[in-house]
Amino acid sequence: MRYARVGVVVALVLGVCLTALPQQQQQQQQQQKQVQLNERAKQMVERRLQRMDEVLNLTPEQEKKIREILEKEAAQFSGFDWERFRDMSPEERQQAMEQFRAQREKTDKEIEKVLTPEQVEKYRKMQEEFRQRRGRRPGPPSER
């Protein structure tokens, strides 16, 4: 009788452990994905900043302020559920894309406040060239 109780307890403990293991693995996978997203976001910020510095010849103070602006934007984008994006309806995707565009326009305006008038002109030209390379129509959505 005593061995039967021990067997039941062992079975229960194993059952709990086996059901908790997939949950832990899923949590670890989600954490790893978030770490990867954060790393990619940092890399994107650095690439954008480097490109801007090459074109605009930023001062150290401008570089610092623009890095903060870009990091703030990256943090907002990294919180988005990109896996859910694939499953969205066309209307939901359109709404999400509008939010992204609005955020990008806000970021651009913040960046332009840090730049000199000559740099703003170069920055806008740089943005336009980027849009053309990506196959987008010229100008921000509000001007289309």
# chains A, B, ... in the order shown; residues from 1 in each chain; ligands from 1
call {"tool": "residues_around", "arguments": {"residues": "Glu73 of chain A", "least_positions_apart": "3", "cutoff": "9 Å", "atoms": "only C-alpha atoms", "output": "PyMOL selection string"}}
result
chain A and resi 68-70+76-78+103-104+107
call {"tool": "write_last_selection", "arguments": {"atoms": "C-alpha atoms", "output": "short mmCIF file (atom, residue, chain, number, x, y, z; two decimals), in the first residue's frame"}}
result
data_model
loop_
_atom_site.label_atom_id
_atom_site.label_comp_id
_atom_site.auth_asym_id
_atom_site.auth_seq_id
_atom_site.Cartn_x
_atom_site.Cartn_y
_atom_site.Cartn_z
CA GLU A 68 17.86 58.88 -28.82
CA ILE A 69 15.09 59.63 -31.32
CA LEU A 70 15.83 56.49 -33.35
CA GLN A 76 7.91 51.37 -30.23
CA PHE A 77 8.28 49.16 -33.30
CA SER A 78 9.84 46.28 -31.37
CA GLN A 103 5.34 57.17 -36.41
CA ARG A 104 8.00 57.45 -39.11
CA THR A 107 10.39 60.62 -36.12
#
call {"tool": "residues_around", "arguments": {"residues": "Arg67 of chain A", "least_positions_apart": "3", "cutoff": "8 Å", "atoms": "only C-alpha atoms", "output": "ChimeraX atom specification"}}
result
/A:45-46,49,63-64,70-71
call {"tool": "closest_atom_pairs", "arguments": {"of": "segment 59-87 of chain A", "to": "segment 108-132 of chain A", "cutoff": "8 Å", "atoms": "only C-alpha atoms", "output": "JSON lines"}}
result
{"residue": "A:Gln62", "atom": "CA", "partner": "A:Val114", "partner_atom": "CA", "distance": 6.2}
{"residue": "A:Lys65", "atom": "CA", "partner": "A:Val114", "partner_atom": "CA", "distance": 7.3}
{"residue": "A:Ile66", "atom": "CA", "partner": "A:Ile111", "partner_atom": "CA", "distance": 6.0}
{"residue": "A:Ile69", "atom": "CA", "partner": "A:Ile111", "partner_atom": "CA", "distance": 7.1}
call {"tool": "atom_distance", "arguments": {"atom1": "atom CA of Ala75 of chain A", "atom2": "atom CA of Arg101 of chain A"}}
result
15.4 Å
